[in-house]
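Structure data follow from work_33.txt (compact mmCIF, C-alpha atoms):
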# COMPACT_ATOMS: atom_id res chain seq x y z
CA MET A 236 -8.18 -3.63 -25.76
CA SER A 237 -8.85 -4.01 -22.05
CA ARG A 238 -10.84 -1.70 -19.78
CA LEU A 239 -7.79 0.19 -18.51
CA ASP A 240 -5.72 0.36 -21.71
CA ARG A 241 -6.47 4.03 -22.22
CA GLN A 242 -4.71 4.92 -18.97
CA SER A 243 -1.58 2.93 -19.71
CA PHE A 244 0.29 6.26 -19.51
CA LEU A 245 0.07 5.81 -15.71
CA GLY A 246 2.80 3.19 -15.94
CA ALA A 247 3.46 -0.25 -17.33
CA ASP A 248 2.45 -1.89 -14.06
CA SER A 249 -0.33 0.52 -13.11
CA ASP A 250 -3.21 -1.97 -13.62
CA ARG A 251 -1.74 -4.38 -11.08
CA THR A 252 -0.73 -1.61 -8.67
CA LEU A 253 -4.18 -0.05 -8.68
CA ASN A 254 -5.92 -3.41 -8.42
CA GLU A 255 -3.90 -4.34 -5.34
CA LEU A 256 -4.75 -1.12 -3.50
CA THR A 257 -7.54 -0.94 -0.96
CA VAL A 258 -9.28 2.37 -0.39
CA GLY A 259 -11.52 3.06 2.59
CA TYR A 260 -14.41 5.50 2.22
CA VAL A 261 -15.83 6.95 5.41
CA GLY A 262 -19.08 8.59 4.46
CA LEU A 263 -20.70 7.73 1.15
CA GLY A 264 -22.84 10.78 0.61
CA GLY A 265 -22.29 13.53 -1.94
CA GLY A 266 -18.49 13.37 -1.83
CA GLY A 267 -17.80 9.73 -1.04
CA SER A 268 -20.18 8.29 -3.64
CA HIS A 269 -18.47 10.37 -6.35
CA VAL A 270 -15.00 9.23 -5.34
CA ALA A 271 -16.01 5.56 -5.02
CA GLN A 272 -17.37 5.63 -8.54
CA GLN A 273 -14.25 7.34 -9.93
CA ALA A 274 -11.96 4.94 -8.05
CA ALA A 275 -13.81 1.99 -9.57
CA HIS A 276 -13.33 3.47 -13.05
CA LEU A 277 -9.67 4.08 -12.26
CA GLY A 278 -9.19 0.39 -11.48
CA ILE A 279 -8.81 0.42 -7.69
CA GLY A 280 -9.38 -3.21 -6.67
CA GLY A 281 -10.24 -3.04 -2.96
CA HIS A 282 -12.98 -0.90 -1.45
CA VAL A 283 -14.03 -0.67 2.20
CA LEU A 284 -17.35 1.16 2.35
CA VAL A 285 -18.31 2.69 5.69
CA ASP A 286 -21.60 4.54 6.18
CA GLY A 287 -24.52 3.63 8.39
CA ASP A 288 -27.06 5.82 6.58
CA ILE A 289 -29.86 4.82 4.24
CA VAL A 290 -30.80 6.64 1.03
CA GLU A 291 -33.45 9.34 1.43
CA ASP A 292 -35.23 11.51 -1.13
CA THR A 293 -33.14 14.52 -0.12
CA ASN A 294 -29.96 12.60 -1.04
CA LEU A 295 -30.93 12.17 -4.68
CA ASN A 296 -29.50 15.53 -5.80
CA ARG A 297 -26.01 14.42 -4.81
CA LEU A 298 -25.77 10.68 -4.25
CA VAL A 299 -24.07 9.26 -7.33
CA SER A 300 -26.07 6.29 -8.67
CA GLY A 301 -28.77 6.79 -6.03
CA THR A 302 -32.26 6.27 -7.46
CA ALA A 303 -35.80 7.07 -6.37
CA LYS A 304 -36.31 3.34 -5.88
CA ASP A 305 -33.32 3.21 -3.53
CA ALA A 306 -34.91 5.93 -1.44
CA LYS A 307 -38.27 4.19 -1.49
CA ASP A 308 -36.67 0.87 -0.50
CA LYS A 309 -34.56 2.60 2.18
CA ARG A 310 -31.41 1.01 0.78
CA LEU A 311 -28.14 1.50 2.59
CA LYS A 312 -25.69 3.94 1.02
CA VAL A 313 -23.01 1.25 1.19
CA ASP A 314 -25.27 -0.99 -0.94
CA VAL A 315 -25.60 1.73 -3.57
CA ALA A 316 -21.84 2.35 -3.65
CA ALA A 317 -21.10 -1.39 -3.84
CA ARG A 318 -23.55 -1.74 -6.72
CA THR A 319 -21.87 1.14 -8.57
CA ILE A 320 -18.39 -0.28 -8.06
CA LYS A 321 -19.37 -3.81 -9.06
CA ALA A 322 -21.15 -2.51 -12.16
CA VAL A 323 -17.85 -0.99 -13.33
CA ASN A 324 -15.55 -3.72 -12.05
CA PRO A 325 -17.28 -7.04 -11.22
CA SER A 326 -14.09 -8.48 -9.71
CA ALA A 327 -13.61 -5.62 -7.22
CA ARG A 328 -13.10 -6.64 -3.58
CA VAL A 329 -15.83 -4.80 -1.70
CA LYS A 330 -16.42 -4.82 2.05
CA MET A 331 -19.54 -3.13 3.30
CA CYS A 332 -19.66 -1.69 6.81
CA PRO A 333 -23.07 -0.08 7.41
CA VAL A 334 -21.99 1.23 10.82
CA PRO A 335 -20.34 4.35 12.27
CA TRP A 336 -16.64 4.33 11.35
CA GLN A 337 -15.65 3.78 14.97
CA GLN A 338 -17.16 0.30 14.64
CA ALA A 339 -15.24 -0.55 11.47
CA LEU A 340 -11.74 -0.02 12.82
CA GLU A 341 -10.27 -3.39 11.88
CA GLU A 342 -11.50 -3.07 8.31
CA LEU A 343 -10.12 0.47 8.05
CA LYS A 344 -6.72 -0.40 9.51
CA GLY A 345 -6.04 -2.61 6.50
CA CYS A 346 -6.65 0.19 3.98
CA ASP A 347 -3.86 1.82 1.98
CA VAL A 348 -5.67 5.16 1.83
CA ILE A 349 -8.80 6.48 3.57
CA ILE A 350 -11.06 9.08 2.03
CA GLY A 351 -13.35 10.98 4.34
CA GLY A 352 -16.60 12.60 3.31
CA LEU A 353 -17.63 13.51 6.82
CA ASP A 354 -19.72 16.54 7.69
CA SER A 355 -18.59 17.12 11.25
CA VAL A 356 -15.34 18.90 12.09
CA VAL A 357 -15.01 16.78 15.22
CA ALA A 358 -15.36 13.60 13.15
CA LYS A 359 -12.79 14.85 10.62
CA ASP A 360 -10.37 15.51 13.45
CA ASP A 361 -10.93 12.10 15.02
CA LEU A 362 -10.59 10.24 11.72
CA ASP A 363 -7.42 12.18 10.85
CA ARG A 364 -5.86 11.17 14.17
CA PHE A 365 -6.91 7.54 13.68
CA CYS A 366 -5.27 7.52 10.24
CA ARG A 367 -2.04 9.07 11.48
CA ARG A 368 -1.85 6.60 14.35
CA HIS A 369 -2.04 3.76 11.83
CA LEU A 370 0.15 5.41 9.16
CA ILE A 371 -2.65 5.67 6.62
CA PRO A 372 -2.79 8.68 4.29
CA TYR A 373 -6.12 10.45 4.81
CA ILE A 374 -7.84 12.53 2.15
CA ASP A 375 -10.49 14.83 3.54
CA MET A 376 -13.18 16.42 1.41
CA GLY A 377 -15.57 19.18 2.28
CA MET A 378 -17.78 21.74 0.60
CA ASP A 379 -19.83 24.69 1.72
CA VAL A 380 -21.88 27.52 0.26
CA HIS A 381 -21.67 31.02 1.70
CA ASP A 382 -23.85 34.08 1.17
CA THR A 383 -21.45 36.87 0.19
CA GLY A 384 -24.17 39.53 0.17
CA GLY A 385 -26.47 38.90 -2.74
CA ALA A 386 -24.38 36.18 -4.31
CA TYR A 387 -23.34 32.75 -3.21
CA LEU A 388 -19.80 31.45 -3.02
CA ILE A 389 -19.21 27.74 -3.41
CA ALA A 390 -16.04 26.71 -1.62
CA GLY A 391 -14.59 23.32 -0.94
CA GLN A 392 -11.40 21.55 -0.10
CA VAL A 393 -9.63 18.30 -0.74
CA VAL A 394 -6.75 17.89 1.69
CA LEU A 395 -4.18 15.12 1.95
CA SER A 396 -3.10 14.51 5.52
CA SER A 397 -0.13 12.20 5.24
CA PRO A 398 1.71 10.77 8.28
CA GLY A 399 4.76 12.87 9.07
CA CYS A 400 3.40 15.80 7.05
CA PRO A 401 0.91 18.56 7.88
CA CYS A 402 -2.42 17.41 9.37
CA LEU A 403 -5.94 18.84 9.08
CA ARG A 404 -5.16 21.23 11.93
CA CYS A 405 -2.04 22.46 10.12
CA PHE A 406 -4.14 23.10 7.00
CA GLY A 407 -6.77 24.98 8.97
CA VAL A 408 -9.53 22.49 8.17
CA VAL A 409 -9.86 21.68 11.87
CA THR A 410 -9.66 24.66 14.20
CA GLU A 411 -10.63 25.13 17.82
CA ASP A 412 -13.03 27.82 16.67
CA GLY A 413 -14.54 25.47 14.10
CA LEU A 414 -14.92 22.76 16.68
CA ALA A 415 -16.59 25.15 19.07
CA GLN A 416 -18.93 26.57 16.42
CA GLU A 417 -19.79 23.36 14.67
CA ALA A 418 -23.46 23.97 15.11
CA LYS A 419 -23.22 26.81 12.58
CA ARG A 420 -21.08 24.89 10.10
CA TYR A 421 -23.33 25.00 7.07
CA GLY A 422 -23.44 28.71 6.51
CA ALA A 423 -26.10 30.50 4.58
CA ALA A 424 -27.26 27.96 2.03
CA GLY A 425 -28.96 25.70 4.54
CA SER A 426 -28.14 22.22 5.71
CA ARG A 427 -25.89 20.01 3.58
CA PRO A 428 -25.63 22.11 0.41
CA GLN A 429 -23.50 19.51 -1.37
CA VAL A 430 -25.23 18.75 -4.64
CA VAL A 431 -23.92 16.70 -7.48
CA TRP A 432 -22.51 19.38 -9.81
CA PRO A 433 -20.20 21.25 -7.41
CA ASN A 434 -19.21 17.94 -5.82
CA GLY A 435 -18.18 16.65 -9.23
CA ASN A 436 -16.01 19.70 -9.80
CA LYS A 437 -14.52 19.53 -6.32
CA ASN A 438 -13.62 15.89 -6.67
CA THR A 439 -12.11 16.13 -10.11
CA VAL A 440 -10.37 19.51 -10.27
CA ARG A 441 -8.40 20.92 -7.39
CA SER A 442 -5.87 23.62 -6.76
CA SER A 443 -4.18 23.80 -3.40
CA PRO A 444 -2.00 26.86 -2.72
CA ARG A 445 -1.97 26.15 1.02
CA VAL A 446 -0.67 22.64 0.39
CA ALA A 447 2.20 24.10 -1.61
CA MET A 448 2.86 26.64 1.12
CA LEU A 449 3.06 24.05 3.92
CA GLY A 450 4.93 21.51 1.83
CA ASP A 451 6.17 18.53 3.80
CA ARG A 452 6.76 20.37 7.04
CA PRO A 453 6.41 18.12 10.07
CA CYS A 454 3.12 18.33 11.93
CA PRO A 455 3.30 19.89 15.42
CA HIS A 456 -0.12 18.51 16.43
CA THR A 457 0.53 14.77 16.39
CA SER A 458 3.45 12.64 17.47
CA ALA A 459 5.10 10.05 15.25
CA LEU A 460 5.89 8.11 18.43
CA GLU A 461 2.26 7.19 19.01
CA THR A 462 1.52 4.67 16.30
CA GLY A 463 -0.43 1.44 16.66
CA ASP A 464 -3.08 0.35 19.12
CA VAL A 465 -2.28 1.26 22.69
CA ARG A 466 -3.54 -2.08 24.00
CA PHE A 467 -2.21 -4.33 21.27
CA ASP A 468 -1.03 -7.71 22.56
CA ILE A 469 0.41 -10.31 20.19
CA ARG A 470 -0.30 -13.00 22.77
CA GLY A 471 -4.07 -12.60 22.26
CA ASP A 472 -6.18 -14.72 19.97
CA SER A 473 -5.87 -13.34 16.45
CA LYS A 474 -9.59 -13.85 15.83
CA ARG A 475 -10.62 -12.01 18.99
CA LYS A 476 -12.73 -8.93 18.41
CA PRO A 477 -12.29 -6.02 20.80
CA SER A 478 -15.11 -5.76 23.30
CA SER A 479 -15.41 -2.04 22.68
CA PRO A 480 -14.20 -0.95 19.25
CA VAL A 481 -13.98 2.66 20.34
CA ALA A 482 -12.02 1.97 23.50
CA ALA A 483 -9.75 -0.53 21.76
CA ASP A 484 -8.27 2.13 19.54
CA GLY A 485 -6.20 4.91 21.01
CA ALA A 486 -7.23 7.61 18.55
CA ALA A 487 -10.91 6.79 18.73
CA ALA A 488 -10.79 6.58 22.52
CA GLN A 489 -9.06 9.96 22.68
CA GLY A 490 -11.71 11.33 20.32
CA ALA A 491 -14.49 10.11 22.60
CA THR A 492 -12.77 11.74 25.57
CA ARG A 493 -12.36 15.02 23.68
CA ARG A 494 -16.04 14.99 22.71
CA LEU A 495 -17.03 14.49 26.34
CA LEU A 496 -14.76 17.32 27.46
CA ARG A 497 -16.15 19.58 24.75
CA LYS A 498 -19.67 18.97 26.02
CA LEU A 499 -18.39 20.13 29.37
CA GLY A 500 -16.93 23.25 27.74
CA ILE A 501 -13.31 22.13 28.07
CA PHE A 502 -11.10 22.42 24.98
CA LEU A 503 -7.75 20.68 24.86
CA ARG A 504 -4.73 21.96 23.00
CA PRO A 505 -2.35 19.30 21.68
CA ALA A 506 0.86 19.14 23.66
CA PRO A 507 3.87 20.64 21.85
CA GLU A 508 6.52 18.26 20.57
CA THR A 509 9.44 17.91 22.93
CA MET B 290 -1.13 -14.42 10.05
CA LYS B 291 0.47 -11.78 7.83
CA PHE B 292 2.58 -8.81 8.86
CA THR B 293 2.79 -5.53 6.97
CA PHE B 294 5.50 -3.04 7.94
CA LYS B 295 4.77 0.66 7.43
CA ALA B 296 7.04 3.66 7.86
CA THR B 297 7.27 7.19 6.57
CA PRO B 298 9.80 7.87 3.79
CA ALA B 299 11.60 10.14 6.24
CA LEU B 300 12.21 7.27 8.66
CA PHE B 301 13.40 4.91 5.92
CA ALA B 302 15.69 7.66 4.62
CA ARG B 303 17.08 8.39 8.09
CA ALA B 304 17.86 4.71 8.65
CA ARG B 305 19.52 4.31 5.23
CA GLN B 306 21.54 7.47 5.69
CA ASP B 307 22.78 6.42 9.12
CA LEU B 308 23.53 2.82 8.13
CA ALA B 309 25.54 4.01 5.12
CA ARG B 310 28.00 5.96 7.30
CA LYS B 311 31.46 4.48 7.64
CA HIS B 312 32.42 3.14 11.07
CA PRO B 313 36.02 3.44 12.33
CA PHE B 314 36.48 -0.36 12.24
CA ALA B 315 33.20 -2.21 11.66
CA HIS B 316 32.43 -3.12 8.05
CA GLU B 317 28.78 -2.13 8.38
CA ARG B 318 26.42 -0.44 10.79
CA VAL B 319 23.28 -1.64 12.51
CA GLY B 320 20.41 0.13 14.25
CA PHE B 321 17.03 -0.36 15.87
CA VAL B 322 13.53 0.51 14.72
CA PHE B 323 10.75 0.91 17.29
CA ALA B 324 7.18 0.28 16.16
CA GLY B 325 3.58 0.06 17.23
CA CYS B 326 1.19 -2.64 16.08
CA ALA B 327 -2.47 -3.01 15.25
CA ARG B 328 -4.64 -5.91 14.27
CA ALA B 329 -6.54 -5.40 11.00
CA ASP B 330 -9.03 -7.77 9.48
CA ASP B 331 -8.07 -10.67 7.19
CA ASP B 332 -5.63 -11.95 9.84
CA LEU B 333 -3.28 -9.05 9.20
CA ILE B 334 -1.06 -7.31 11.75
CA VAL B 335 0.12 -3.86 10.74
CA ILE B 336 3.48 -2.82 12.20
CA THR B 337 3.83 0.96 12.22
CA ALA B 338 7.33 2.36 12.67
CA ARG B 339 7.75 5.04 15.32
CA ASP B 340 11.42 5.85 15.37
CA TYR B 341 14.91 4.80 14.33
CA MET B 342 17.82 4.63 16.76
CA PRO B 343 21.43 4.30 15.58
CA VAL B 344 23.94 2.21 17.49
CA ASP B 345 26.64 4.44 18.98
CA ASP B 346 30.16 4.07 17.58
CA GLU B 347 31.56 2.92 20.93
CA ASP B 348 29.02 0.09 21.18
CA TYR B 349 30.58 -1.85 18.29
CA ILE B 350 32.99 -4.70 19.07
CA ARG B 351 35.97 -5.62 16.88
CA ASN B 352 35.30 -8.90 15.11
CA PRO B 353 36.85 -9.45 11.66
CA ASN B 354 34.61 -12.48 11.02
CA VAL B 355 31.36 -10.52 10.74
CA GLY B 356 30.26 -7.23 9.19
CA ALA B 357 29.30 -5.74 12.54
CA MET B 358 29.16 -6.96 16.07
CA ILE B 359 27.54 -4.90 18.80
CA GLY B 360 27.96 -5.25 22.53
CA SER B 361 25.50 -5.65 25.33
CA GLY B 362 25.44 -1.88 25.86
CA ALA B 363 23.83 -1.32 22.46
CA MET B 364 21.33 -4.08 23.04
CA ARG B 365 20.48 -2.66 26.46
CA LYS B 366 19.83 0.81 25.05
CA GLY B 367 17.51 -0.61 22.41
CA LEU B 368 15.67 -2.81 24.88
CA GLN B 369 15.34 0.01 27.43
CA ARG B 370 13.68 2.24 24.91
CA ALA B 371 11.42 -0.55 23.62
CA TYR B 372 10.35 -1.23 27.20
CA ALA B 373 9.73 2.44 28.00
CA THR B 374 7.61 2.96 24.89
CA ARG B 375 6.04 -0.54 24.75
CA SER B 376 7.35 -0.91 21.22
CA ALA B 377 8.03 -3.76 18.86
CA LEU B 378 11.81 -3.85 18.37
CA PHE B 379 13.49 -4.51 15.03
CA HIS B 380 17.21 -4.92 14.49
CA ILE B 381 18.02 -3.31 11.15
CA HIS B 382 20.99 -3.18 8.81
CA THR B 383 21.56 -2.66 5.10
CA HIS B 384 23.12 -4.63 2.31
CA GLY B 385 22.95 -1.66 -0.07
CA GLY B 386 22.36 -2.22 -3.77
CA ARG B 387 19.03 -2.45 -5.53
CA GLY B 388 16.13 -4.88 -5.41
CA THR B 389 14.82 -7.06 -2.61
CA PRO B 390 17.74 -8.00 -0.33
CA GLU B 391 18.19 -11.40 1.30
CA PHE B 392 19.44 -12.19 4.77
CA SER B 393 22.79 -13.90 5.01
CA SER B 394 23.03 -17.16 6.90
CA VAL B 395 24.96 -15.30 9.62
CA ASP B 396 22.11 -12.75 9.91
CA LEU B 397 19.55 -15.49 10.41
CA LYS B 398 21.66 -17.53 12.80
CA ASP B 399 22.47 -14.51 14.99
CA ALA B 400 18.88 -13.28 14.99
CA GLN B 401 17.71 -16.66 16.20
CA ASN B 402 19.93 -16.09 19.23
CA PHE B 403 18.99 -12.53 20.16
CA VAL B 404 15.48 -11.71 18.84
CA PRO B 405 13.65 -14.19 21.13
CA SER B 406 15.26 -12.43 24.09
CA PHE B 407 13.40 -9.21 23.14
CA PHE B 408 10.23 -10.90 24.44
CA ASN B 409 11.67 -10.92 27.96
CA VAL B 410 11.38 -7.14 27.91
CA VAL B 411 8.28 -6.49 25.77
CA PRO B 412 6.32 -9.75 25.60
CA ALA B 413 3.17 -8.17 24.15
CA MET B 414 4.73 -7.09 20.86
CA PRO B 415 6.22 -8.96 17.91
CA HIS B 416 9.94 -8.40 17.27
CA GLY B 417 12.26 -9.05 14.40
CA LEU B 418 14.97 -8.31 11.95
CA ILE B 419 15.03 -6.10 8.85
CA VAL B 420 17.58 -5.84 6.07
CA LEU B 421 17.41 -2.90 3.69
CA SER B 422 18.64 -2.32 0.19
CA ASN B 423 18.70 1.16 -1.32
CA ASP B 424 15.17 0.74 -2.66
CA SER B 425 13.63 -2.27 -0.94
CA ALA B 426 13.63 -4.34 2.24
CA ARG B 427 13.16 -7.80 3.67
CA GLY B 428 12.00 -8.65 7.18
CA ARG B 429 11.55 -11.57 9.53
CA VAL B 430 9.19 -11.29 12.46
CA TRP B 431 8.67 -13.42 15.54
CA GLY B 432 5.17 -13.56 17.03
CA ALA B 433 6.42 -15.41 20.10
CA PRO B 434 9.90 -16.33 21.35
CA LYS B 435 9.51 -20.02 20.61
CA LYS B 436 7.57 -19.68 17.38
CA LYS B 437 9.18 -19.95 13.97
CA PRO B 438 9.68 -16.48 12.44
CA VAL B 439 7.80 -15.51 9.28
CA TYR B 440 8.65 -13.07 6.54
CA ILE B 441 7.13 -9.61 6.67
CA HIS B 442 4.54 -9.84 3.92
CA ARG B 443 4.98 -6.31 2.62
CA PHE B 444 6.77 -3.04 3.31
CA VAL B 445 4.99 0.25 2.72
CA SER B 446 6.64 3.65 2.52
CA VAL B 447 3.71 5.90 3.45
CA GLY B 448 4.26 9.12 1.60
CA SER B 449 3.60 10.75 -1.71
CA PRO B 450 3.91 8.55 -3.64
CA LEU B 451 2.89 5.62 -1.49
CA VAL B 452 5.31 2.81 -2.31
CA ARG B 453 4.89 -0.89 -1.53
CA TYR B 454 7.82 -3.25 -1.86
CA GLY B 455 9.56 -6.37 -0.64
CA GLU B 456 6.37 -8.34 -1.20
CA VAL B 457 6.43 -12.00 -0.16
CA ALA B 458 3.94 -14.31 -1.86
Using structure tokens, write down the structure from this file.
Amino acid sequence: MSRLDRQSFLGADSDRTLNELTVGYVGLGGGGSHVAQQAAHLGIGGHVLVDGDIVEDTNLNRLVSGTAKDAKDKRLKVDVAARTIKAVNPSARVKMCPVPWQQALEELKGCDVIIGGLDSVVAKDDLDRFCRRHLIPYIDMGMDVHDTGGAYLIAGQVVLSSPGCPCLRCFGVVTEDGLAQEAKRYGAAGSRPQVVWPNGNKNTVRSSPRVAMLGDRPCPHTSALETGDVRFDIRGDSKRKPSSPVAADGAAAQGATRRLLRKLGIFLRPAPET
Amino acid sequence: MKFTFKATPALFARARQDLARKHPFAHERVGFVFAGCARADDDLIVITARDYMPVDDEDYIRNPNVGAMIGSGAMRKGLQRAYATRSALFHIHTHGGRGTPEFSSVDLKDAQNFVPSFFNVVPAMPHGLIVLSNDSARGRVWGAPKKKPVYIHRFVSVGSPLVRYGEVA
């Protein structure tokens, strides 16, 4: 009996299909480390790990496979995730990018799916736009704890933003109000309340009434006519790296512009589809 | 260098639906797909479909020797739009049926005549030829007008479920 025999109900060819897939993880904290581990168990073969952070003591209540020694040694979170994946599947194809995601664009463009465990609403918005520009399904995760007056409410979301379908703005994950009030984003339970037990529930069991409500309606916030890199040129050297990874990608460049405008107090509304 | 071609299921469906329509005299229909491109790592270029454009009925020319022949008007419309949107341009038609389709010798010979001319209009993008079946596809892509075309390595229908097909070893 092989490692994946007990999930043969997924299909006769599921082992090969899953092994050929490459998943990108942007953010390998409480959410991303959980998903990376589960994806390795599932049999996903390719993993692009993007996170520039190192393990700290305060991560140990949520970082799957993170140890006190990792924190002491200041190990990178991508190292911990790679170790977890390789421990489950030694033949997994793992690329580690210990940098902000805007500096790992070429690695991410080759992914079949990208999973975001980002804290910032602005970053979620930018990554969603990057994924739609490159026709990559994006799965966004988030969790928060709110004081409801004497009791705490744990709430979270897992949202699939698929090209041609509703985006994070359609689902209400990214709102102008949320962008403007990002400084207050972590509610009453203090900074980064994601700990391992609610994250585990969030990442394994989901219901999504809003997803059902929106269905596959087209997204009014992004245009299907704006795919690819705006400055792509086939005549260039295939090995050439862009001088500025942020500027080389349309979505990331637009994100940088929006961030600058936000600092100046200017908020842009996406143009309506014509 | 490998090329992956991605499109939404809606775009693939729109193309198949249009190409399956009967024409007053042509045996088959053709169309154009416009696409963006991005360079990924591992020497991969990802072609991302933007839109499908049918060829108008009046732009077909009677020719009993081939399935469909289109005139310069159709080509001009496709090229104009590719130029205006700085898009990669793919000529597309369908052979119907199931499984990975193959180009006919006429398809390949004709493409060798017209695809290199796409570079006169949009030299920065790759261009090519796609043939669909009802559940798969095959593609040839030119990276430069005088270079030998290569097969599109893989097609991906980016939806739920995400489907990959037409894989070339």
### Task
Fewer than 4 positions away in the same chain doesn't count, so skip those; otherwise give me all residues within 7 Å of stretch 307-324 of chain A, counting only C-alpha atoms, as a list of chain:residue names.
A:Leu263, A:Ser268, A:Ala271, A:Gln272, A:Ala275, A:His276, A:Leu284, A:Val285, A:Asp286, A:Asp288, A:Ile289, A:Val290, A:Glu291, A:Ser300, A:Gly301, A:Ala303, A:Val329, A:Met331, A:Pro333
Taking a cut-off of 7 Å and counting all atoms listed in the file, can you build a table that, for each residue of chain B near chain A, reports the nearest atom pair and how far apart they are in Å (one decimal), sorted by chain then residue number, as a Markdown table?
| residue | atom | partner | partner_atom | distance |
| --- | --- | --- | --- | --- |
| B:Lys295 | CA | A:Leu370 | CA | 6.8 |
| B:Thr297 | CA | A:Gly399 | CA | 6.7 |
| B:Gly325 | CA | A:Gly463 | CA | 4.3 |
| B:Cys326 | CA | A:Gly463 | CA | 4.4 |
| B:Ala327 | CA | A:Gly463 | CA | 5.1 |
| B:Arg328 | CA | A:Glu341 | CA | 6.6 |
| B:Ala329 | CA | A:Glu341 | CA | 4.3 |
| B:Asp330 | CA | A:Glu341 | CA | 5.1 |
| B:Asp332 | CA | A:Ser473 | CA | 6.8 |
| B:Thr337 | CA | A:Thr462 | CA | 6.0 |
| B:Arg339 | CA | A:Leu460 | CA | 4.7 |
| B:Asp340 | CA | A:Leu460 | CA | 6.7 |
| B:Ala413 | CA | A:Asp468 | CA | 4.5 |
| B:Met414 | CA | A:Ile469 | CA | 5.4 |
| B:Pro415 | CA | A:Ile469 | CA | 6.4 |
| B:Gly432 | CA | A:Ile469 | CA | 6.6 |
| B:Val447 | CA | A:Leu370 | CA | 6.7 |
| B:Gly448 | CA | A:Ser397 | CA | 6.5 |
### Query
atom CA of B:Tyr349 and atom CA of B:Gly385, how far apart in Å?
19.9 Å
#### Entry: Long-range neighbours of B:Asn354 as number ranges by chain, 12 Å cut-off, only C-alpha atoms, 4 positions minimum in chain
B: 315-316, 350, 358, 395
Would you compute an axis-aligned box for stretch 299-309 of chain B, covering every atom listed for it in the file with 4 Å of margin on each side, and report centre and edge lengths in Å to one decimal as lines of an AutoDock Vina configuration file?
center_x = 18.6
center_y = 6.5
center_z = 6.9
size_x = 21.9
size_y = 15.3
size_z = 12.5
### Message
Would you pick out the contacts of A:Leu239 at 8 Å or less, using all atoms listed in the file, so that residues sharing its chain but fewer than 2 positions from it are not included, and give the list as a list of chain:residue names?
### Response
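So, after excluding close chain neighbours, the residues are A:Ser237, A:Arg241, A:Gln242, A:Ser243, A:Asp250, A:Leu277, A:Gly278.
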#### Entry: Between atom CA of B:Arg305 and atom CA of B:Val452, distance in Å (one decimal)
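Rounded to one decimal, the two atoms are 16.2 Å apart.
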### Task
Measure the distance from atom CA of B:Thr383 to atom CA of B:Ala426 in Å and round it to one decimal.
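Rounded to one decimal, the two atoms are 8.6 Å apart.
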### Message
Counting all atoms listed in the file, find residues at most 8 Å from (7.2, 0.1, 22.7) (file frame) and give them as a ChimeraX atom specification.
### Response
/B:323-325,370-378,411,414
### Message
If we count all atoms listed in the file and set the cut-off at 12 Å, which residues sit around B:His442, ignoring sequence neighbours fewer than 6 positions away in its own chain? Please answer as a ChimeraX atom specification.
### Response
/B:290-295,332-336,426-430,453-458
Given the selection you just returned, output its residues as a file containing C-alpha atoms, formatted as an mmCIF file, in the frame of the given file.
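Heads up, here's the output in selection_15.cif:
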data_model
loop_
_atom_site.group_PDB
_atom_site.id
_atom_site.type_symbol
_atom_site.label_atom_id
_atom_site.label_comp_id
_atom_site.auth_asym_id
_atom_site.auth_seq_id
_atom_site.Cartn_x
_atom_site.Cartn_y
_atom_site.Cartn_z
ATOM 1 C CA MET B 290 -1.130 -14.420 10.050
ATOM 2 C CA LYS B 291 0.470 -11.780 7.830
ATOM 3 C CA PHE B 292 2.580 -8.810 8.860
ATOM 4 C CA THR B 293 2.790 -5.530 6.970
ATOM 5 C CA PHE B 294 5.500 -3.040 7.940
ATOM 6 C CA LYS B 295 4.770 0.660 7.430
ATOM 7 C CA ASP B 332 -5.630 -11.950 9.840
ATOM 8 C CA LEU B 333 -3.280 -9.050 9.200
ATOM 9 C CA ILE B 334 -1.060 -7.310 11.750
ATOM 10 C CA VAL B 335 0.120 -3.860 10.740
ATOM 11 C CA ILE B 336 3.480 -2.820 12.200
ATOM 12 C CA ALA B 426 13.630 -4.340 2.240
ATOM 13 C CA ARG B 427 13.160 -7.800 3.670
ATOM 14 C CA GLY B 428 12.000 -8.650 7.180
ATOM 15 C CA ARG B 429 11.550 -11.570 9.530
ATOM 16 C CA VAL B 430 9.190 -11.290 12.460
ATOM 17 C CA ARG B 453 4.890 -0.890 -1.530
ATOM 18 C CA TYR B 454 7.820 -3.250 -1.860
ATOM 19 C CA GLY B 455 9.560 -6.370 -0.640
ATOM 20 C CA GLU B 456 6.370 -8.340 -1.200
ATOM 21 C CA VAL B 457 6.430 -12.000 -0.160
ATOM 22 C CA ALA B 458 3.940 -14.310 -1.860
#
#### Entry: Nearest candidate to A:Tyr260 (options A:Asp305, A:Asp379, A:Leu362, A:Gly352; using only C-alpha atoms)
A:Gly352
### Task
Name the closest residue to B:Asn423 among the candidates B:His384, B:Phe408, B:Glu347, B:Pro450; distances are taken between atoms, counting only C-alpha atoms.
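For B:Asn423, the nearest of the given residues is B:His384.
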### Message
At a cut-off of 10 Å, using all atoms listed in the file, what residues contact B:Gly386? Leave out same-chain residues fewer than 2 positions from it and give the result as number ranges by chain.
### Response
B: 383-384, 388-390, 421-425
